[in-house]
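Coordinates from data_2.tsv are shown below (TSV, C-alpha atoms and all ligand atoms).
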chain	number	residue	atom	x	y	z
A	10	MET	CA	-24.96	26.79	-55.96
A	11	TYR	CA	-25.60	24.78	-52.79
A	12	HIS	CA	-28.09	27.34	-51.43
A	13	ARG	CA	-29.80	27.60	-54.80
A	14	ALA	CA	-30.21	23.80	-54.89
A	15	LEU	CA	-31.62	23.81	-51.34
A	16	SER	CA	-34.15	26.48	-52.28
A	17	LEU	CA	-35.26	24.32	-55.23
A	18	GLY	CA	-35.97	21.39	-52.89
A	19	VAL	CA	-32.82	19.30	-53.44
A	20	ARG	CA	-32.05	17.17	-50.36
A	21	PHE	CA	-28.39	16.46	-49.55
A	22	HIS	CA	-27.12	13.42	-47.61
A	23	PHE	CA	-23.49	13.99	-46.61
A	24	GLY	CA	-21.05	11.51	-45.09
A	25	ARG	CA	-22.86	8.44	-46.37
A	26	PRO	CA	-21.67	6.34	-49.32
A	27	ALA	CA	-24.37	5.74	-51.92
A	28	ASP	CA	-24.99	2.12	-52.86
A	29	GLN	CA	-27.84	-0.01	-54.19
A	30	SER	CA	-29.62	-0.16	-50.83
A	31	ALA	CA	-29.46	3.64	-50.44
A	32	VAL	CA	-30.95	4.02	-53.92
A	33	ALA	CA	-33.72	1.52	-53.09
A	34	SER	CA	-34.48	3.25	-49.77
A	35	GLU	CA	-35.00	6.53	-51.64
A	36	SER	CA	-37.34	4.79	-54.13
A	37	ALA	CA	-35.35	6.53	-56.86
A	38	GLU	CA	-36.66	6.03	-60.39
A	39	ALA	CA	-33.42	7.24	-61.97
A	40	VAL	CA	-29.91	7.90	-60.71
A	41	ILE	CA	-27.11	10.17	-61.95
A	42	ALA	CA	-23.77	8.78	-60.82
A	43	ALA	CA	-21.06	11.43	-60.38
A	44	THR	CA	-18.60	9.41	-58.32
A	45	GLY	CA	-15.50	11.04	-59.79
A	46	SER	CA	-12.06	9.50	-60.02
A	47	LEU	CA	-9.13	8.47	-57.84
A	48	PRO	CA	-5.38	8.70	-58.47
A	49	SER	CA	-3.96	5.68	-60.33
A	50	PRO	CA	-1.25	3.56	-58.68
A	51	LEU	CA	2.31	4.86	-59.15
A	52	PRO	CA	4.33	3.08	-61.86
A	53	PHE	CA	7.53	3.22	-59.73
A	54	PRO	CA	8.36	2.25	-56.12
A	55	VAL	CA	8.77	4.93	-53.44
A	56	GLU	CA	11.00	3.70	-50.62
A	57	PRO	CA	10.24	4.52	-46.97
A	58	GLY	CA	11.85	7.78	-45.88
A	59	VAL	CA	11.08	9.67	-49.11
A	60	ASP	CA	9.06	12.84	-48.53
A	61	PHE	CA	6.37	12.09	-51.10
A	62	LEU	CA	3.10	13.84	-52.00
A	63	ILE	CA	0.61	13.72	-54.88
A	64	SER	CA	-0.93	16.79	-56.51
A	65	GLU	CA	-4.24	16.16	-54.67
A	66	ASP	CA	-2.35	16.66	-51.35
A	67	ILE	CA	-1.09	20.04	-52.60
A	68	LEU	CA	-4.61	21.04	-53.65
A	69	GLU	CA	-6.05	20.02	-50.26
A	70	GLY	CA	-3.19	21.75	-48.40
A	71	SER	CA	-2.31	18.49	-46.63
A	72	GLY	CA	1.33	17.41	-46.21
A	73	THR	CA	4.38	19.59	-45.73
A	74	VAL	CA	6.27	20.68	-48.83
A	75	GLY	CA	10.03	21.14	-48.49
A	76	ARG	CA	12.03	23.98	-50.03
A	77	ARG	CA	13.47	21.95	-52.92
A	78	VAL	CA	10.78	20.14	-54.90
A	79	LEU	CA	10.91	17.68	-57.79
A	80	LEU	CA	7.54	17.49	-59.53
A	81	VAL	CA	6.96	14.40	-61.67
A	82	ASP	CA	4.24	14.73	-64.31
A	83	LEU	CA	2.89	11.33	-65.39
A	84	GLU	CA	-0.11	12.88	-67.16
A	85	GLY	CA	1.12	15.63	-69.48
A	86	GLY	CA	-1.88	17.93	-68.95
A	87	ARG	CA	-3.03	20.96	-66.98
A	88	ARG	CA	-3.01	19.54	-63.46
A	89	ALA	CA	0.78	19.43	-63.25
A	90	VAL	CA	1.01	22.98	-64.61
A	91	GLY	CA	-1.43	24.25	-61.95
A	92	THR	CA	0.40	22.36	-59.24
A	93	ALA	CA	3.80	23.70	-60.37
A	94	LEU	CA	2.62	27.31	-60.59
A	95	GLY	CA	0.96	26.97	-57.18
A	96	LEU	CA	4.22	25.72	-55.67
A	97	ALA	CA	6.58	28.09	-57.49
A	98	GLY	CA	6.28	31.03	-55.08
A	99	ARG	CA	6.57	28.80	-51.99
A	100	VAL	CA	9.78	26.89	-52.71
A	101	VAL	CA	13.37	27.82	-53.54
A	102	LYS	CA	13.94	25.11	-56.16
A	103	LEU	CA	11.37	23.48	-58.43
A	104	GLU	CA	12.18	21.04	-61.20
A	105	PHE	CA	9.49	19.63	-63.47
A	106	LEU	CA	10.23	16.10	-64.72
A	107	SER	CA	8.36	14.27	-67.46
A	108	PRO	CA	8.95	11.03	-69.41
A	109	GLU	CA	7.48	12.75	-72.50
A	110	LEU	CA	9.45	14.18	-75.41
A	111	LEU	CA	8.47	17.67	-74.24
A	112	ILE	CA	6.86	19.11	-71.13
A	113	SER	CA	3.01	19.25	-71.01
A	114	PRO	CA	2.34	17.80	-74.51
A	115	GLU	CA	-1.46	18.07	-74.05
A	116	LEU	CA	-1.11	21.87	-74.05
A	117	VAL	CA	0.60	21.98	-77.44
A	118	PRO	CA	-2.40	21.69	-79.84
A	119	SER	CA	-4.19	24.65	-78.20
A	120	GLY	CA	-1.02	26.75	-78.03
A	121	GLU	CA	-1.37	27.12	-74.23
A	122	PHE	CA	2.11	25.70	-73.75
A	123	VAL	CA	3.68	28.97	-74.95
A	124	HIS	CA	2.23	30.95	-72.03
A	125	TRP	CA	3.05	28.14	-69.57
A	126	TYR	CA	6.67	27.82	-70.76
A	127	ARG	CA	7.13	31.60	-70.47
A	128	GLU	CA	5.68	31.65	-66.96
A	129	ALA	CA	7.78	28.64	-65.90
A	130	TYR	CA	10.92	30.39	-67.14
A	131	GLN	CA	10.02	33.61	-65.28
A	132	LYS	CA	9.35	31.68	-62.07
A	133	GLY	CA	12.63	29.74	-62.27
A	134	ILE	CA	11.01	26.33	-62.85
A	135	VAL	CA	13.52	23.98	-64.50
A	136	PHE	CA	12.22	21.52	-67.11
A	137	ARG	CA	13.58	17.97	-67.24
A	138	PRO	CA	11.81	16.14	-70.08
A	139	GLN	CA	12.53	12.61	-71.41
A	140	LEU	CA	13.27	11.05	-68.01
A	141	GLU	CA	11.47	8.00	-66.59
A	142	ILE	CA	11.61	7.31	-62.88
A	143	VAL	CA	12.90	3.89	-61.91
A	144	ARG	CA	12.77	4.26	-58.13
A	145	ALA	CA	12.53	6.99	-55.48
A	146	THR	CA	14.93	6.49	-52.56
A	147	PRO	CA	15.81	8.70	-49.58
A	148	SER	CA	19.20	9.42	-51.23
A	149	GLY	CA	17.62	10.60	-54.49
A	150	LEU	CA	15.77	9.57	-57.58
A	151	GLU	CA	16.94	6.84	-59.93
A	152	VAL	CA	15.89	7.80	-63.46
A	153	ILE	CA	16.55	6.59	-66.98
A	154	GLY	CA	16.42	8.53	-70.25
A	155	SER	CA	13.13	7.78	-72.05
A	156	TYR	CA	14.98	7.51	-75.36
A	157	SER	CA	18.69	7.39	-74.48
A	158	ARG	CA	18.08	4.65	-71.82
A	159	LYS	CA	20.97	6.25	-69.92
A	160	PRO	CA	20.59	5.96	-66.11
A	161	GLU	CA	20.97	9.02	-63.87
A	162	HIS	CA	20.74	9.74	-60.15
A	163	LEU	CA	18.96	13.00	-59.25
A	164	LYS	CA	19.82	14.44	-55.83
A	165	GLY	CA	19.21	17.57	-53.81
A	166	PHE	CA	15.42	17.43	-53.31
A	167	ASP	CA	13.41	17.53	-50.09
A	168	THR	CA	10.03	16.60	-51.54
A	169	LEU	CA	8.86	14.51	-54.48
A	170	VAL	CA	5.45	15.53	-55.84
A	171	ALA	CA	3.75	13.26	-58.40
A	172	VAL	CA	0.90	14.14	-60.74
A	173	VAL	CA	-0.68	10.79	-61.58
A	174	PRO	CA	-3.48	10.20	-64.10
A	175	PRO	CA	-6.85	9.66	-62.45
A	176	THR	CA	-8.82	6.41	-62.81
A	177	PRO	CA	-12.63	6.71	-63.09
A	178	CYS	CA	-14.67	5.30	-60.16
A	179	ARG	CA	-17.35	3.34	-62.02
A	180	GLY	CA	-18.32	0.74	-59.39
A	181	PHE	CA	-21.52	2.48	-58.27
A	182	TYR	CA	-22.67	3.08	-61.86
A	183	GLU	CA	-21.93	-0.50	-62.95
A	184	ASP	CA	-23.64	-2.05	-59.89
A	185	LEU	CA	-26.82	-0.10	-60.64
A	186	GLN	CA	-26.67	-0.96	-64.34
A	187	ARG	CA	-26.41	-4.67	-63.51
A	188	ALA	CA	-29.36	-4.32	-61.13
A	189	GLY	CA	-31.50	-2.87	-63.95
A	190	VAL	CA	-31.78	0.63	-62.40
A	191	GLU	CA	-32.02	3.59	-64.81
A	192	VAL	CA	-28.62	5.15	-64.27
A	193	TRP	CA	-26.73	7.98	-65.98
A	194	ALA	CA	-23.12	8.97	-65.47
A	195	ALA	CA	-21.59	12.44	-65.40
A	196	GLY	CA	-18.12	13.90	-64.95
A	197	ASP	CA	-14.89	12.16	-64.07
A	198	CYS	CA	-16.53	8.76	-63.52
A	199	VAL	CA	-17.19	8.74	-67.28
A	200	ALA	CA	-13.66	9.92	-68.11
A	201	PRO	CA	-11.55	12.29	-66.00
A	202	ARG	CA	-11.48	15.75	-67.60
A	203	GLY	CA	-12.51	19.01	-65.93
A	204	LEU	CA	-15.22	20.66	-63.84
A	205	GLY	CA	-16.98	21.98	-66.94
A	206	SER	CA	-17.62	18.46	-68.30
A	207	ALA	CA	-19.02	17.27	-64.95
A	208	ILE	CA	-21.44	20.20	-64.77
A	209	ARG	CA	-22.47	19.96	-68.43
A	210	GLU	CA	-23.06	16.19	-68.38
A	211	GLY	CA	-24.95	16.30	-65.06
A	212	ARG	CA	-27.20	19.02	-66.45
A	213	ILE	CA	-27.87	17.11	-69.70
A	214	ALA	CA	-28.69	13.90	-67.78
A	215	GLY	CA	-30.98	15.82	-65.42
A	216	LEU	CA	-32.85	17.43	-68.31
A	217	LYS	CA	-33.30	14.06	-70.06
A	218	ILE	CA	-34.67	12.41	-66.91
A	301	LIG	C1	-5.01	18.50	-58.51
A	301	LIG	C2	-6.20	18.71	-59.43
A	301	LIG	C3	-6.33	19.91	-60.12
A	301	LIG	C4	-7.41	20.12	-60.99
A	301	LIG	N1	-7.51	21.31	-61.64
A	301	LIG	C5	-8.58	21.52	-62.45
A	301	LIG	C6	-8.75	22.78	-63.10
A	301	LIG	O1	-7.94	23.68	-62.94
A	301	LIG	N2	-9.85	22.95	-63.91
A	301	LIG	C7	-10.78	21.96	-64.08
A	301	LIG	O2	-11.76	22.18	-64.80
A	301	LIG	N3	-10.64	20.76	-63.47
A	301	LIG	C8	-9.58	20.52	-62.66
A	301	LIG	N4	-9.44	19.31	-62.03
A	301	LIG	C9	-10.41	18.26	-62.35
A	301	LIG	C10	-11.72	18.46	-61.59
A	301	LIG	O3	-11.47	18.57	-60.20
A	301	LIG	C11	-12.62	17.26	-61.86
A	301	LIG	O4	-12.77	17.09	-63.27
A	301	LIG	C12	-14.00	17.45	-61.24
A	301	LIG	O5	-13.87	17.61	-59.83
A	301	LIG	C13	-14.87	16.25	-61.56
A	301	LIG	O6	-16.08	16.39	-60.87
A	301	LIG	P1	-16.93	15.12	-60.49
A	301	LIG	O7	-18.15	15.65	-59.80
A	301	LIG	O8	-17.10	14.24	-61.68
A	301	LIG	O9	-16.04	14.27	-59.46
A	301	LIG	P2	-15.43	14.68	-58.06
A	301	LIG	O10	-15.21	16.14	-57.94
A	301	LIG	O11	-14.24	13.77	-57.87
A	301	LIG	O12	-16.56	14.30	-57.03
A	301	LIG	C14	-16.96	12.97	-56.84
A	301	LIG	C15	-17.44	12.84	-55.40
A	301	LIG	O13	-18.21	11.64	-55.26
A	301	LIG	C16	-17.85	11.03	-54.03
A	301	LIG	N5	-18.18	9.60	-54.13
A	301	LIG	C17	-17.57	8.63	-54.85
A	301	LIG	N6	-18.22	7.46	-54.72
A	301	LIG	C18	-19.29	7.71	-53.91
A	301	LIG	C19	-20.34	6.91	-53.40
A	301	LIG	N7	-20.49	5.62	-53.70
A	301	LIG	N8	-21.25	7.49	-52.56
A	301	LIG	C20	-21.18	8.82	-52.25
A	301	LIG	N9	-20.19	9.62	-52.71
A	301	LIG	C21	-19.27	9.07	-53.53
A	301	LIG	C22	-16.35	11.31	-53.90
A	301	LIG	O14	-15.95	11.17	-52.55
A	301	LIG	C23	-16.29	12.75	-54.39
A	301	LIG	O15	-16.56	13.65	-53.33
A	301	LIG	C24	-8.39	19.10	-61.15
A	301	LIG	C25	-8.28	17.89	-60.43
A	301	LIG	C26	-7.19	17.70	-59.59
A	301	LIG	C27	-7.12	16.40	-58.81
Could the structure of this file be written out as structure tokens, please?
Amino acid sequence: MYHRALSLGVRFHFGRPADQSAVASESAEAVIAATGSLPSPLPFPVEPGVDFLISEDILEGSGTVGRRVLLVDLEGGRRAVGTALGLAGRVVKLEFLSPELLISPELVPSGEFVHWYREAYQKGIVFRPQLEIVRATPSGLEVIGSYSRKPEHLKGFDTLVAVVPPTPCRGFYEDLQRAGVEVWAAGDCVAPRGLGSAIREGRIAGLKI
């Protein structure tokens, strides 16, 4: 895709944040903002000494994952499923914790959860639904039942991996809008979803311009 774009005359500027002055220096008549999203802040404290990663670290291959992993899904969608299945062959113990009534509720309407549950069972992933994290400490995880409100202390994990909902990065888009520049938005900066939406919306905006 990159080489195709180059051959069509697209110029790329890497390693430089785009802002209003960059847009002005390009004399751009219209801008498509595709600034993506960033992980939201964690809703529970993680004390120093806890081996803690987020799903983006796993995707990038940064950070060392221990042999016994507790994965906390704060989103309920596909990202936690992908992260869990990616980890399953590399670790000896993997538990999947969620504050929801059931694991991965976003996969229920499409029926995808059936395949995922089967695969999780075959790969030895243990589900722990209906648990909210209160605090992560080096001696374990303090949790409370989402409905029972009964506290528990989970132990025996080397690494805590969290899947946190992304927050759209809209600053660039909003700055340009305020400045009266013709600006369109595509992808996760509109609302975090998937690659397909980013590509489709970028294409539609490009065709309209
Ligand atoms: C762990 C994980 C797993 C996922 N799995 C899937 C999956 O299986 N299938 C799927 O469809 N989607 C998946 N997604 C979601 C998918 O990655 C996103 O929906 C998609 O990358 C959104 O594309 P985007 O171009 O909108 O934003 P991004 O891919 O986030 O790209 C935005 C880019 O803009 C840059 N940027 C931001 N501000 C500026 C600025 N001012 N100047 C210059 N550059 C800037 C950022 O650094 C970033 O490189 C996953 C996401 C994660 C985190």
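Proximity to Pro52 in chain A was assessed for A:Ala171, A:Val40, A:Ala97, A:Leu79 counting only C-alpha atoms; the smallest distance is recorded for A:Ala171.
Of the residues listed (A:Ile67, A:Ala195, A:Leu15, A:Ala42), A:Ala42 shows the shortest atom-to-atom separation from Gly180 in chain A; distances use only C-alpha atoms.
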Give me, as JSON lines, each residue of chain A that comes within 7 Å of ligand LIG 301 (chain A), together with its shortest interatomic pair and the distance in Å at one decimal, counting only C-alpha atoms and all ligand atoms, with rows ordered by chain and rising residue number.
{"residue": "A:Arg25", "atom": "CA", "partner": "A:LIG301", "partner_atom": "C20", "distance": 6.1}
{"residue": "A:Pro26", "atom": "CA", "partner": "A:LIG301", "partner_atom": "N8", "distance": 3.5}
{"residue": "A:Ala27", "atom": "CA", "partner": "A:LIG301", "partner_atom": "N8", "distance": 3.6}
{"residue": "A:Asp28", "atom": "CA", "partner": "A:LIG301", "partner_atom": "N7", "distance": 5.8}
{"residue": "A:Ala43", "atom": "CA", "partner": "A:LIG301", "partner_atom": "O8", "distance": 5.0}
{"residue": "A:Thr44", "atom": "CA", "partner": "A:LIG301", "partner_atom": "C17", "distance": 3.7}
{"residue": "A:Gly45", "atom": "CA", "partner": "A:LIG301", "partner_atom": "O9", "distance": 3.3}
{"residue": "A:Ser46", "atom": "CA", "partner": "A:LIG301", "partner_atom": "O11", "distance": 5.3}
{"residue": "A:Ser64", "atom": "CA", "partner": "A:LIG301", "partner_atom": "C1", "distance": 4.9}
{"residue": "A:Glu65", "atom": "CA", "partner": "A:LIG301", "partner_atom": "C1", "distance": 4.6}
{"residue": "A:Leu68", "atom": "CA", "partner": "A:LIG301", "partner_atom": "C1", "distance": 5.5}
{"residue": "A:Arg87", "atom": "CA", "partner": "A:LIG301", "partner_atom": "O1", "distance": 6.9}
{"residue": "A:Arg88", "atom": "CA", "partner": "A:LIG301", "partner_atom": "C3", "distance": 4.7}
{"residue": "A:Gly91", "atom": "CA", "partner": "A:LIG301", "partner_atom": "O1", "distance": 6.6}
{"residue": "A:Thr92", "atom": "CA", "partner": "A:LIG301", "partner_atom": "C1", "distance": 6.7}
{"residue": "A:Cys178", "atom": "CA", "partner": "A:LIG301", "partner_atom": "N6", "distance": 6.8}
{"residue": "A:Phe181", "atom": "CA", "partner": "A:LIG301", "partner_atom": "N7", "distance": 5.6}
{"residue": "A:Ala195", "atom": "CA", "partner": "A:LIG301", "partner_atom": "O8", "distance": 6.1}
{"residue": "A:Gly196", "atom": "CA", "partner": "A:LIG301", "partner_atom": "O8", "distance": 3.4}
{"residue": "A:Asp197", "atom": "CA", "partner": "A:LIG301", "partner_atom": "O8", "distance": 3.9}
{"residue": "A:Cys198", "atom": "CA", "partner": "A:LIG301", "partner_atom": "O8", "distance": 5.8}
{"residue": "A:Pro201", "atom": "CA", "partner": "A:LIG301", "partner_atom": "O4", "distance": 5.7}
{"residue": "A:Arg202", "atom": "CA", "partner": "A:LIG301", "partner_atom": "O4", "distance": 4.7}
{"residue": "A:Gly203", "atom": "CA", "partner": "A:LIG301", "partner_atom": "O4", "distance": 3.3}
{"residue": "A:Leu204", "atom": "CA", "partner": "A:LIG301", "partner_atom": "O2", "distance": 3.9}
{"residue": "A:Gly205", "atom": "CA", "partner": "A:LIG301", "partner_atom": "O2", "distance": 5.6}
{"residue": "A:Ala207", "atom": "CA", "partner": "A:LIG301", "partner_atom": "O8", "distance": 4.9}
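Between CA of Ile41 in chain A and CA of Val192 in chain A lies a distance of 5.7 Å.
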Restricting the calculation to all atoms listed in the file: of A:Gly70, A:Arg209, A:Leu94, A:Tyr11, which residue gets closest to Gln131 in chain A? A:Leu94
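From CA of Ile208 in chain A back to CA of Leu83 in chain A, the distance works out to 25.9 Å.
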Top pick for closest residue to Pro118 in chain A, considering A:Arg144, A:Pro138, A:Gly86, A:Leu163 and counting only C-alpha atoms: A:Gly86
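In this model, the gap between CA of Pro108 in chain A and CA of Ser155 in chain A comes to 5.9 Å.
The nearest approach to Arg158 in chain A among the residues A:Leu140, A:Pro174, A:Gly24, A:Arg187, with all atoms listed in the file taken into account, belongs to A:Leu140.
Proximity of A:Leu17, A:Leu150, A:Leu47, A:Val101 to Val59 in chain A, computed with all atoms listed in the file, is greatest for A:Leu150.
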List every protein, DNA or RNA residue that has an atom no more than 12 Å from (10.9, 34.1, -63.4) in the file's coordinate frame, counting only C-alpha atoms, and report them as a list in words. Leu94, Ala97, Gly98, Val101, Lys102, Leu103, Trp125, Tyr126, Arg127, Glu128, Ala129, Tyr130, Gln131, Lys132, Gly133, Ile134 and Val135 of chain A
May I have the residues within 9 Å of Ile112 in chain A as a list in words, using all atoms listed in the file and disregarding those fewer than 3 positions away in the same chain? Asp82, Gly85, Phe105, Leu106, Ser107, Pro108, Glu109, Glu115, Leu116, Phe122, Tyr126, Phe136, Arg137, Pro138 and Gln139 of chain A
Please return range 146-178 of chain A, rebuilt to N, CA and C atoms, as a tab-separated table (two decimals), keeping the file's coordinate frame.
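And here's result_23.tsv as it stands now:
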chain	number	residue	atom	x	y	z
A	146	THR	N	14.28	6.93	-53.81
A	146	THR	CA	14.93	6.49	-52.56
A	146	THR	C	15.24	7.72	-51.72
A	147	PRO	N	15.49	7.53	-50.41
A	147	PRO	CA	15.81	8.70	-49.58
A	147	PRO	C	17.08	9.43	-50.05
A	148	SER	N	17.97	8.74	-50.78
A	148	SER	CA	19.20	9.42	-51.23
A	148	SER	C	19.01	10.08	-52.59
A	149	GLY	N	17.86	9.94	-53.20
A	149	GLY	CA	17.62	10.60	-54.49
A	149	GLY	C	16.74	9.76	-55.39
A	150	LEU	N	16.68	10.21	-56.62
A	150	LEU	CA	15.77	9.57	-57.58
A	150	LEU	C	16.58	8.86	-58.65
A	151	GLU	N	16.29	7.57	-58.83
A	151	GLU	CA	16.94	6.84	-59.93
A	151	GLU	C	16.07	7.00	-61.16
A	152	VAL	N	16.66	7.57	-62.23
A	152	VAL	CA	15.89	7.80	-63.46
A	152	VAL	C	16.65	7.20	-64.64
A	153	ILE	N	15.91	7.08	-65.75
A	153	ILE	CA	16.55	6.59	-66.98
A	153	ILE	C	16.00	7.41	-68.15
A	154	GLY	N	16.86	7.74	-69.09
A	154	GLY	CA	16.42	8.53	-70.25
A	154	GLY	C	15.35	7.79	-71.04
A	155	SER	N	14.23	8.45	-71.34
A	155	SER	CA	13.13	7.78	-72.05
A	155	SER	C	13.61	7.23	-73.39
A	156	TYR	N	14.51	7.95	-74.04
A	156	TYR	CA	14.98	7.51	-75.36
A	156	TYR	C	16.43	7.05	-75.32
A	157	SER	N	17.26	7.75	-74.53
A	157	SER	CA	18.69	7.39	-74.48
A	157	SER	C	18.91	6.11	-73.69
A	158	ARG	N	17.98	5.78	-72.75
A	158	ARG	CA	18.08	4.65	-71.82
A	158	ARG	C	19.32	4.78	-70.93
A	159	LYS	N	19.80	6.02	-70.76
A	159	LYS	CA	20.97	6.25	-69.92
A	159	LYS	C	20.51	6.50	-68.47
A	160	PRO	N	21.02	5.73	-67.49
A	160	PRO	CA	20.59	5.96	-66.11
A	160	PRO	C	21.22	7.21	-65.51
A	161	GLU	N	20.49	7.82	-64.57
A	161	GLU	CA	20.97	9.02	-63.87
A	161	GLU	C	20.50	8.96	-62.44
A	162	HIS	N	21.18	9.67	-61.54
A	162	HIS	CA	20.74	9.74	-60.15
A	162	HIS	C	20.51	11.21	-59.80
A	163	LEU	N	19.25	11.60	-59.56
A	163	LEU	CA	18.96	13.00	-59.25
A	163	LEU	C	18.96	13.19	-57.75
A	164	LYS	N	19.70	14.20	-57.27
A	164	LYS	CA	19.82	14.44	-55.83
A	164	LYS	C	19.45	15.89	-55.52
A	165	GLY	N	19.39	16.19	-54.23
A	165	GLY	CA	19.21	17.57	-53.81
A	165	GLY	C	17.76	18.02	-53.75
A	166	PHE	N	16.84	17.08	-53.46
A	166	PHE	CA	15.42	17.43	-53.31
A	166	PHE	C	14.91	17.03	-51.93
A	167	ASP	N	14.03	17.86	-51.39
A	167	ASP	CA	13.41	17.53	-50.09
A	167	ASP	C	12.10	16.79	-50.30
A	168	THR	N	11.37	17.16	-51.35
A	168	THR	CA	10.03	16.60	-51.54
A	168	THR	C	9.83	16.18	-52.99
A	169	LEU	N	9.24	14.99	-53.15
A	169	LEU	CA	8.86	14.51	-54.48
A	169	LEU	C	7.34	14.64	-54.59
A	170	VAL	N	6.89	15.36	-55.62
A	170	VAL	CA	5.45	15.53	-55.84
A	170	VAL	C	5.10	14.85	-57.17
A	171	ALA	N	4.12	13.95	-57.15
A	171	ALA	CA	3.75	13.26	-58.40
A	171	ALA	C	2.35	13.69	-58.83
A	172	VAL	N	2.22	13.90	-60.14
A	172	VAL	CA	0.90	14.14	-60.74
A	172	VAL	C	0.57	12.87	-61.52
A	173	VAL	N	-0.38	12.09	-60.96
A	173	VAL	CA	-0.68	10.79	-61.58
A	173	VAL	C	-2.04	10.85	-62.28
A	174	PRO	N	-2.19	10.14	-63.40
A	174	PRO	CA	-3.48	10.20	-64.10
A	174	PRO	C	-4.59	9.59	-63.25
A	175	PRO	N	-5.75	10.20	-63.25
A	175	PRO	CA	-6.85	9.66	-62.45
A	175	PRO	C	-7.52	8.47	-63.13
A	176	THR	N	-8.06	7.57	-62.31
A	176	THR	CA	-8.82	6.41	-62.81
A	176	THR	C	-10.29	6.61	-62.44
A	177	PRO	N	-11.21	6.48	-63.41
A	177	PRO	CA	-12.63	6.71	-63.09
A	177	PRO	C	-13.15	5.71	-62.05
A	178	CYS	N	-14.01	6.19	-61.14
A	178	CYS	CA	-14.67	5.30	-60.16
A	178	CYS	C	-16.03	4.91	-60.74
